[in-house]
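**Q** This structure is in structure tokens; I'll ask about it shortly.
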Amino acid sequence: MVMPNDLILVRHGHSEGILAIDLGKKGDGSLWTAGFRETPGHQWRLTEDGCKQARKTGEWILDEIGERFDRYYVSPFVRTRETAGLLGLPDAEWRVDQRLRERDWGELSSMPRKESKEKYSQNTFLQKIDALYWRPPSGESIADVRLRVRSFFDTLHRECEGQRVMVVTHGEFMSAARAALEYMSDEEWLDADGDDDQKILNTHVYHYSRHDPATHSTGKYLSWIRKVCPWRAERPGWKTIARRRFSNDELLEQVRIIGPSIFAHLPEAPWTYFEAFPEGASSGEYRLVPTNKLVPTKGPQNTSQLKDGSNSVERAYGYMAALANDVPGAGKRGPISVRSNPDGTYSGIDGNATTAVAKKLGWRELPVRIIED
């Protein structure tokens, strides 16, 4: 038994919940009324924009993939069923499957982000340091969602070999499914989760196929992917998915790059890695920059050995771990300096290793000193 020839995953359109959450992030909590809080998340409808997105996505599917599918699956949530209906796929017969539901956000689903950070400060900290295995209070982690993904894929293996399957679901389910279908390591998933360019948007389409787009031959596995957000007028290209296996040495190399979390003591020598605003810094001297905009000139492949036998990436990791654990003296090193690039990114001048480690840890942003060209 093998997977379907084509598996199309579609996220639902813009919803009432997304609107309320996004406004809440901007400090506008006006939509978080008592009535809205008492409405279960699975009952949120699409907004007007969400309806337009769904119709536009249906048009793209009809033009670029085709009209007919062998199986149609949809999450039981209102916003996914509404999206599926608005796609307008001819003669579709949708199967409602509980496994496709949104990640369970538990107690966080009924409160704005600011309130949840205040009420669950420790849980918010755990989310920041371990996004993959973190669970909201009474909710699910992405790792938990992966179990549902696997169960659903087992059904596709048994019942849908060689077929074309359409699935309308949620962003977090698609993120977990992507990790399985694209053979992503935990670190790769964390990198993708922290990369704005890889976010799964409303009505994003992820099309996985066993058909080689170059030769049109059919392989054994879903080895090709293209993704598109139709309302953004994108033109997707196919990419090959590698089914990777690792030798002992390759596994150990992956671990070595991560580095240890605990150091017996901090080195005495001053280093040029920057983990926090230095004491006495002027307010205009440093800026918070998203880590996905920082481009190390050398990056994590820098393996030059330091006097204690560690390399610069390991040393940077040690300083950052020390800062997180409130070790006295941590984070008072020289600043990361960068130069701005025309494309909106920043190239590292020093602190490359710290930048690389920050990305590995899934940090969203770092304070840097920007030196204009």
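Every chain in the structure tokens has a letter given in the order shown (A, B, ...), and although residue numbers restart at 1 in each chain, ligands are simply numbered from 1 in the order shown.
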List the neighbours of range 170-175 of chain A out to 7 Å using only C-alpha atoms; skip same-chain residues closer than 4 positions along the sequence, and give me the result as a short mmCIF file (atom, residue, chain, number, x, y, z; two decimals) with N, CA and C atoms, in the first residue's frame.
**A**
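In the end it all went to out_11.cif:
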```cif
data_model
loop_
_atom_site.label_atom_id
_atom_site.label_comp_id
_atom_site.auth_asym_id
_atom_site.auth_seq_id
_atom_site.Cartn_x
_atom_site.Cartn_y
_atom_site.Cartn_z
N ARG A 11 -5.63 25.18 3.78
CA ARG A 11 -6.02 25.78 5.05
C ARG A 11 -7.30 26.60 4.84
N HIS A 12 -8.10 26.71 5.88
CA HIS A 12 -9.34 27.50 5.81
C HIS A 12 -9.03 28.98 5.57
N LEU A 100 -8.83 15.84 11.55
CA LEU A 100 -8.35 17.01 10.82
C LEU A 100 -8.61 18.31 11.57
N ARG A 101 -9.16 18.22 12.78
CA ARG A 101 -9.51 19.44 13.52
C ARG A 101 -8.26 20.26 13.87
N GLU A 102 -8.50 21.50 14.27
CA GLU A 102 -7.42 22.40 14.67
C GLU A 102 -6.74 21.89 15.93
N ARG A 103 -5.51 22.28 16.11
CA ARG A 103 -4.82 22.01 17.36
C ARG A 103 -5.64 22.53 18.52
N VAL A 145 -0.33 16.72 17.81
CA VAL A 145 -1.07 16.80 16.55
C VAL A 145 -0.49 15.82 15.54
N ALA A 179 5.78 18.36 8.42
CA ALA A 179 6.95 17.78 9.06
C ALA A 179 7.09 16.31 8.69
N ILE A 200 2.17 29.27 7.06
CA ILE A 200 1.02 28.74 6.31
C ILE A 200 -0.11 29.75 6.44
#
```
**Q** What is the distance, in Å and to one decimal place, between CA of Arg150 in chain A and CA of Arg178 in chain A?
**A**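 Answer for the CA of Arg150 in chain A to CA of Arg178 in chain A separation: 11.4 Å.
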**Q** Between CA of Ser247 in chain A and CA of Glu187 in chain A, what distance in Å does the model show, to one decimal?
**A**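 These atoms are spaced 17.6 Å apart.
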**Q** Do a neighbour search on range 5-10 of chain A at 7 Å with only C-alpha atoms, toss out local chain neighbours closer than 4 positions, and write the hits as JSON, numbers by chain.
**A** {"A": [162, 163, 164, 165, 166, 167, 168, 169, 203, 204, 205, 206, 207, 208, 209, 210, 211]}
**Q** Now that the selection is made, can you save its residues with C-alpha atoms as an mmCIF file, in the first residue's frame?
**A**
```cif
data_model
loop_
_atom_site.group_PDB
_atom_site.id
_atom_site.type_symbol
_atom_site.label_atom_id
_atom_site.label_comp_id
_atom_site.auth_asym_id
_atom_site.auth_seq_id
_atom_site.Cartn_x
_atom_site.Cartn_y
_atom_site.Cartn_z
ATOM 1 C CA GLY A 162 -3.198 5.929 -6.528
ATOM 2 C CA GLN A 163 -6.058 8.376 -5.902
ATOM 3 C CA ARG A 164 -6.392 12.164 -5.826
ATOM 4 C CA VAL A 165 -7.301 13.411 -2.348
ATOM 5 C CA MET A 166 -8.485 16.887 -1.313
ATOM 6 C CA VAL A 167 -8.218 17.918 2.368
ATOM 7 C CA VAL A 168 -9.457 21.167 3.949
ATOM 8 C CA THR A 169 -7.997 21.619 7.403
ATOM 9 C CA THR A 203 -6.262 29.158 2.105
ATOM 10 C CA HIS A 204 -2.641 28.208 1.479
ATOM 11 C CA VAL A 205 -2.528 25.167 -0.821
ATOM 12 C CA TYR A 206 0.110 22.466 -0.274
ATOM 13 C CA HIS A 207 0.097 20.028 -3.198
ATOM 14 C CA TYR A 208 2.088 16.803 -2.689
ATOM 15 C CA SER A 209 2.447 14.416 -5.617
ATOM 16 C CA ARG A 210 3.929 11.075 -6.653
ATOM 17 C CA HIS A 211 4.125 12.360 -10.255
#
```
**Q** Please list as a list of chain:residue names every residue within 10 Å of Lys239 in chain A, counting only C-alpha atoms and excluding residues in the same chain fewer than 5 positions away.
**A** A:Tyr208, A:Asp212, A:Pro213, A:Ser223, A:Trp224, A:Ile225, A:Arg226, A:Lys227
**Q** Would you save the residues of that selection, restricted to N, CA and C atoms, as a CSV table (one decimal), in the first residue's frame?
**A**
```csv
chain,number,residue,atom,x,y,z
A,208,TYR,N,1.1,17.9,-2.7
A,208,TYR,CA,2.1,16.8,-2.7
A,208,TYR,C,1.7,15.8,-3.8
A,212,ASP,N,6.4,12.8,-11.1
A,212,ASP,CA,7.5,13.6,-11.4
A,212,ASP,C,7.1,14.7,-12.4
A,213,PRO,N,7.2,16.0,-12.0
A,213,PRO,CA,6.7,17.1,-12.9
A,213,PRO,C,7.6,17.2,-14.2
A,223,SER,N,6.9,12.6,-3.5
A,223,SER,CA,8.3,13.1,-3.6
A,223,SER,C,8.4,14.5,-4.1
A,224,TRP,N,7.3,15.1,-4.5
A,224,TRP,CA,7.3,16.5,-5.0
A,224,TRP,C,6.2,17.3,-4.3
A,225,ILE,N,6.6,18.6,-4.2
A,225,ILE,CA,5.6,19.5,-3.5
A,225,ILE,C,5.7,20.9,-4.2
A,226,ARG,N,4.5,21.5,-4.3
A,226,ARG,CA,4.4,22.9,-4.6
A,226,ARG,C,3.4,23.5,-3.7
A,227,LYS,N,3.6,24.8,-3.4
A,227,LYS,CA,2.7,25.4,-2.4
A,227,LYS,C,2.4,26.8,-3.0
```
**Q** Considering only C-alpha atoms, state which residue in the set A:Pro90, A:Gly194, A:Pro112, A:Pro76 is at the smallest distance from Ala131 in chain A.
**A**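 Residue with the minimum atom-to-atom distance to Ala131 in chain A: A:Gly194.
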**Q** If DSSP is run on the backbone, what residues of range 50-238 of chain A are strand (DSSP E or B)? A reply as a list in words would be ideal.
**A** Arg71, Tyr72, Tyr73, Val74, Trp94, Arg95, Val96, Arg164, Val165, Met166, Val167, Val168, Thr169, Val205, Tyr206, His207, Tyr208, Ser209, His211, Thr218, Trp224, Ile225, Arg226, Lys227 and Val228 of chain A
**Q** DSSP on the backbone, helix (DSSP H, G or I) only: what residues of range 51-292 of chain A does that give? Format it as number ranges by chain.
**A** A: 51-64, 78-87, 98-100, 106-110, 113-119, 121-129, 142-159, 171-181, 186-193, 196-198, 230-232, 248-258, 291-292
